[in-house]
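Please read the structure below before turning to the comments.
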Amino acid sequence: MNPPRTDARRHHDPEVRGFASDNYAGVHPEVLAALALANGGHQVAYGEDDYTENLQRIIRSHFGATAEAFPVFNGTGANVVALQAVTDRWGAVICAESAHINVDEGGAPERMGGLKLLTVPTPDGKLTPELIDRQAYGWEDEHRAMPQVVSITQSTELGTLYTPDEIRAICEHAHAHGMRVHLDGSRIANAAASLDVPMRTFTDAVGVDILSLGGTKNGAMFGEAVVVINQDAVRRMKHLRKLSMQLASKMRFVSVQLEALLARDLWLRNARHSNEMAQRLAEGVRAVHGVEVLYPVQANAVFARLPHDVSERLQKRFRFYFWDEAAGDVRWMCSFDTTEEDVDRFVAALKEEMAR
């Protein structure tokens, strides 16, 4: 049978690589194959399909017998839906000042979710019970938004990791105050790979109530999921997902991607590889005089400080972002398809620009 004719044309050079974001990477071939497998014929829309049903079994194998997945379009949608599900109209969310929900979601949790974010400065992107207590007060004060949720990110926006014991301490502390715990897991696979533990070890096993499960940064084309672990913590998730414009009609094409990642070990293989490339990158740049690696490299991100003019010249050769332009801080991300050659070429280019 001849392949279907298409008038689509390639508009990019597939040889161009960068370190700007794991969102820049394409789709893993096994995920593309799964999408093709799910295509053809008719399946019931809005999540009543066979792929979404099977996804529930896979999710329970990773996050416990009570876990239920609600596939959504993107990470911001997952976070907003999840946080709405565990707050009242007067509720507030305690999070790190650097949290994605505070810095990089365009105000969506507050503008679309109607939530108040109570932020806490952290040295490494991680909350602790002591830091949480800076905002955990005033539950009976009608003049203050009521703290109802603690939101943490694993791995954090600074590429650092919580240990399972650290998350357990946060959950116990939050629950003692009547608060729920949300985990933003857009890079949860990288965290599990680095810690060398199953994902449930630092989610349902230690008391996390609800999480945003990432797929896009780990090889999917699009799609994440809200995973409800504590069924008693949420209300009307199906209605909230629709109200928040995150209900996919052809949901099988989101679910099958998560199935492809999670049914066996693709999620882990991809995460391990991107973590290893970040370690290789960090090792290479640490050897360059005048470049400082700012945080422990525990997942697939490297944060560094170097002269501003060097970064600007290097950006003409490789895409990456400034993290704090005034300080000269940059972020370099590795992906499931980053190669050793990519890393070595980047380090060589950095050495050249630093020597100019």
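Identifiers in the structure tokens: chain A, B, ... in order shown; residue index from 1 per chain; ligand index from 1 in order shown.
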
Self-check item: Polymer residues at most 6 Å from stretch 256-260 of chain A, only C-alpha atoms, same-chain spacing of 6 or more positions, as a PyMOL selection string
Solution: chain A and resi 31+51+55

As a ChimeraX atom specification, please: the residues near A:Thr87 (cut-off 12 Å, only C-alpha atoms, same-chain neighbours under 2 positions excluded). /A:80-85,89-94,109,113-117,145-151,178-182,210,233-236,240

message = I need the residues of stretch 16-180 of chain A that end up classed as helix (DSSP H, G or I) by DSSP on the backbone, written out as a PyMOL selection string.
response = chain A and resi 29-38+50-63+75-85+100-103+108-111+129-132+164-176

In Å and to one decimal, atom CA of A:Glu30 is distant from atom CA of A:Asp265 by 11.4 Å

Report as CSV the residues of stretch 168-217 of chain A within 6 Å of stretch 225-232 of chain A, each with its shortest atom pair and distance in Å (one decimal), using only C-alpha atoms, ordered by chain and increasing residue number.
```
residue,atom,partner,partner_atom,distance
A:Asp209,CA,A:Asn230,CA,4.8
A:Ile210,CA,A:Val228,CA,4.7
A:Leu211,CA,A:Val227,CA,5.3
A:Ser212,CA,A:Val226,CA,4.7
A:Leu213,CA,A:Ala225,CA,5.1
```

Among A:Val347, A:Ala299, A:Ala263, A:Ile58, A:Ala34 is approached most closely, using only C-alpha atoms, by A:Ala263

| Spatial neighbours of A:Arg331, max dist 10 Å, only C-alpha atoms, sep filter under 5 positions, as a ChimeraX atom specification | /A:19-21,158-159,293-294,301-305,320-324

Pull all heavy atoms from the residues just selected and write them as a compact mmCIF listing (two decimals), in the first residue's frame.
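Result saved to again.txt:
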```txt
# COMPACT_ATOMS: atom_id res chain seq x y z
N PHE A 19 19.72 24.12 23.58
CA PHE A 19 19.61 23.78 24.99
C PHE A 19 18.62 24.72 25.69
O PHE A 19 18.75 24.99 26.88
CB PHE A 19 20.99 23.82 25.65
CG PHE A 19 21.91 22.75 25.13
CD1 PHE A 19 22.67 22.96 23.99
CD2 PHE A 19 22.00 21.52 25.77
CE1 PHE A 19 23.51 21.96 23.50
CE2 PHE A 19 22.82 20.52 25.28
CZ PHE A 19 23.58 20.74 24.14
N ALA A 20 17.65 25.22 24.93
CA ALA A 20 16.70 26.18 25.49
C ALA A 20 15.66 25.52 26.36
O ALA A 20 15.32 26.01 27.44
CB ALA A 20 16.03 26.96 24.35
N SER A 21 15.11 24.40 25.90
CA SER A 21 14.02 23.77 26.64
C SER A 21 13.80 22.36 26.14
O SER A 21 13.98 22.08 24.95
CB SER A 21 12.72 24.58 26.47
OG SER A 21 11.62 23.89 27.04
N LEU A 158 14.51 25.05 39.54
CA LEU A 158 15.97 25.25 39.57
C LEU A 158 16.72 23.95 39.36
O LEU A 158 17.93 23.89 39.54
CB LEU A 158 16.39 25.90 40.89
CG LEU A 158 15.74 27.27 41.18
CD1 LEU A 158 16.25 27.83 42.51
CD2 LEU A 158 16.00 28.25 40.05
N GLY A 159 15.98 22.91 38.98
CA GLY A 159 16.61 21.63 38.67
C GLY A 159 16.99 20.80 39.87
O GLY A 159 17.68 19.79 39.75
N VAL A 293 28.64 26.96 37.78
CA VAL A 293 27.38 26.21 37.85
C VAL A 293 26.72 26.56 39.18
O VAL A 293 27.33 26.43 40.25
CB VAL A 293 27.63 24.69 37.73
CG1 VAL A 293 26.33 23.92 37.94
CG2 VAL A 293 28.22 24.37 36.36
N LEU A 294 25.48 27.03 39.12
CA LEU A 294 24.85 27.68 40.28
C LEU A 294 24.19 26.73 41.26
O LEU A 294 24.16 27.00 42.47
CB LEU A 294 23.82 28.70 39.79
CG LEU A 294 24.36 29.85 38.95
CD1 LEU A 294 23.22 30.69 38.40
CD2 LEU A 294 25.30 30.72 39.79
N ALA A 301 18.56 19.88 33.99
CA ALA A 301 18.81 21.31 33.85
C ALA A 301 20.15 21.68 34.43
O ALA A 301 20.56 21.15 35.47
CB ALA A 301 17.71 22.11 34.54
N VAL A 302 20.83 22.62 33.75
CA VAL A 302 22.08 23.19 34.25
C VAL A 302 21.91 24.70 34.29
O VAL A 302 21.62 25.32 33.26
CB VAL A 302 23.28 22.81 33.35
CG1 VAL A 302 24.57 23.45 33.88
CG2 VAL A 302 23.44 21.30 33.24
N PHE A 303 22.08 25.29 35.46
CA PHE A 303 22.03 26.74 35.62
C PHE A 303 23.45 27.23 35.82
O PHE A 303 24.20 26.67 36.64
CB PHE A 303 21.16 27.12 36.81
CG PHE A 303 19.70 26.86 36.60
CD1 PHE A 303 19.17 25.59 36.79
CD2 PHE A 303 18.85 27.88 36.22
CE1 PHE A 303 17.83 25.34 36.59
CE2 PHE A 303 17.49 27.65 36.02
CZ PHE A 303 16.98 26.38 36.20
N ALA A 304 23.82 28.26 35.08
CA ALA A 304 25.21 28.73 35.13
C ALA A 304 25.24 30.25 35.09
O ALA A 304 24.29 30.91 34.66
CB ALA A 304 26.01 28.15 33.97
N ARG A 305 26.38 30.80 35.53
CA ARG A 305 26.63 32.24 35.46
C ARG A 305 27.92 32.45 34.67
O ARG A 305 28.94 31.81 34.94
CB ARG A 305 26.76 32.83 36.85
CG ARG A 305 27.02 34.34 36.87
CD ARG A 305 26.90 34.88 38.28
NE ARG A 305 25.54 34.73 38.79
CZ ARG A 305 25.22 34.78 40.09
NH1 ARG A 305 26.16 34.94 41.00
NH2 ARG A 305 23.96 34.63 40.47
N PHE A 320 19.29 29.10 23.83
CA PHE A 320 19.06 28.91 25.25
C PHE A 320 18.58 30.24 25.81
O PHE A 320 18.63 31.28 25.14
CB PHE A 320 20.31 28.40 25.99
CG PHE A 320 21.49 29.34 25.96
CD1 PHE A 320 21.66 30.32 26.92
CD2 PHE A 320 22.45 29.22 24.95
CE1 PHE A 320 22.76 31.17 26.89
CE2 PHE A 320 23.54 30.06 24.91
CZ PHE A 320 23.70 31.05 25.88
N TYR A 321 18.11 30.22 27.06
CA TYR A 321 17.51 31.40 27.67
C TYR A 321 18.34 31.93 28.84
O TYR A 321 18.98 31.17 29.55
CB TYR A 321 16.10 31.08 28.19
CG TYR A 321 15.10 30.77 27.12
CD1 TYR A 321 14.55 29.50 26.99
CD2 TYR A 321 14.69 31.76 26.22
CE1 TYR A 321 13.62 29.21 26.01
CE2 TYR A 321 13.75 31.48 25.24
CZ TYR A 321 13.22 30.21 25.14
OH TYR A 321 12.30 29.92 24.16
N PHE A 322 18.26 33.24 29.00
CA PHE A 322 18.72 33.83 30.26
C PHE A 322 17.72 33.48 31.35
O PHE A 322 16.50 33.50 31.12
CB PHE A 322 18.82 35.36 30.14
CG PHE A 322 20.09 35.84 29.48
CD1 PHE A 322 20.10 36.21 28.14
CD2 PHE A 322 21.27 35.91 30.20
CE1 PHE A 322 21.26 36.65 27.53
CE2 PHE A 322 22.45 36.35 29.60
CZ PHE A 322 22.44 36.72 28.27
N TRP A 323 18.21 33.18 32.53
CA TRP A 323 17.34 32.96 33.69
C TRP A 323 17.23 34.26 34.49
O TRP A 323 16.14 34.64 34.90
CB TRP A 323 17.90 31.83 34.55
CG TRP A 323 17.01 31.40 35.64
CD1 TRP A 323 17.14 31.66 36.97
CD2 TRP A 323 15.81 30.61 35.52
NE1 TRP A 323 16.11 31.09 37.69
CE2 TRP A 323 15.28 30.44 36.83
CE3 TRP A 323 15.14 30.03 34.44
CZ2 TRP A 323 14.11 29.71 37.06
CZ3 TRP A 323 13.98 29.31 34.68
CH2 TRP A 323 13.47 29.15 35.98
N ASP A 324 18.35 34.90 34.70
CA ASP A 324 18.39 36.22 35.34
C ASP A 324 19.39 37.03 34.55
O ASP A 324 20.60 36.95 34.78
CB ASP A 324 18.81 36.09 36.81
CG ASP A 324 18.82 37.43 37.54
OD1 ASP A 324 18.84 38.49 36.86
OD2 ASP A 324 18.84 37.43 38.79
```

Ranking A:Ser98, A:Asn23, A:Ser155, A:Gln315 by minimum distance to A:Ala220 and counting only C-alpha atoms, which one comes first?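 Of A:Ser98, A:Asn23, A:Ser155, A:Gln315, the one nearest A:Ala220, counting only C-alpha atoms, is A:Asn23.
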
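The residue that comes closest to A:His273, out of A:Pro198, A:Gly77, A:Gly219, A:Gly138 and on the basis of only C-alpha atoms, is A:Gly219.
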
With distances taken over only C-alpha atoms, the candidate from A:Asp337, A:Glu283, A:Glu325, A:Glu224 nearest A:Arg269 is A:Asp337

Item to check | For stretch 122-131 of chain A: contacts at 8 Å, only C-alpha atoms, fewer than 6 positions along chain excluded, given as JSON, numbers by chain | outcome: {"A": [95, 96, 97, 98, 99, 152, 153, 156, 157, 158, 160, 161, 162, 166, 169, 170, 173, 174, 295]}

TODO: Enumerate as number ranges by chain all residues of stretch 105-349 of chain A assigned to strand (DSSP E or B) by DSSP on the backbone, naming them with the chain letters and numbers the document uses.
DONE: A: 116-120, 146-153, 180-185, 210-213, 224-228, 292-293, 301-305, 321-324, 329-333

Atom CA of A:Val103 sits from atom CA of A:Ile188 at a separation of 18.9 Å
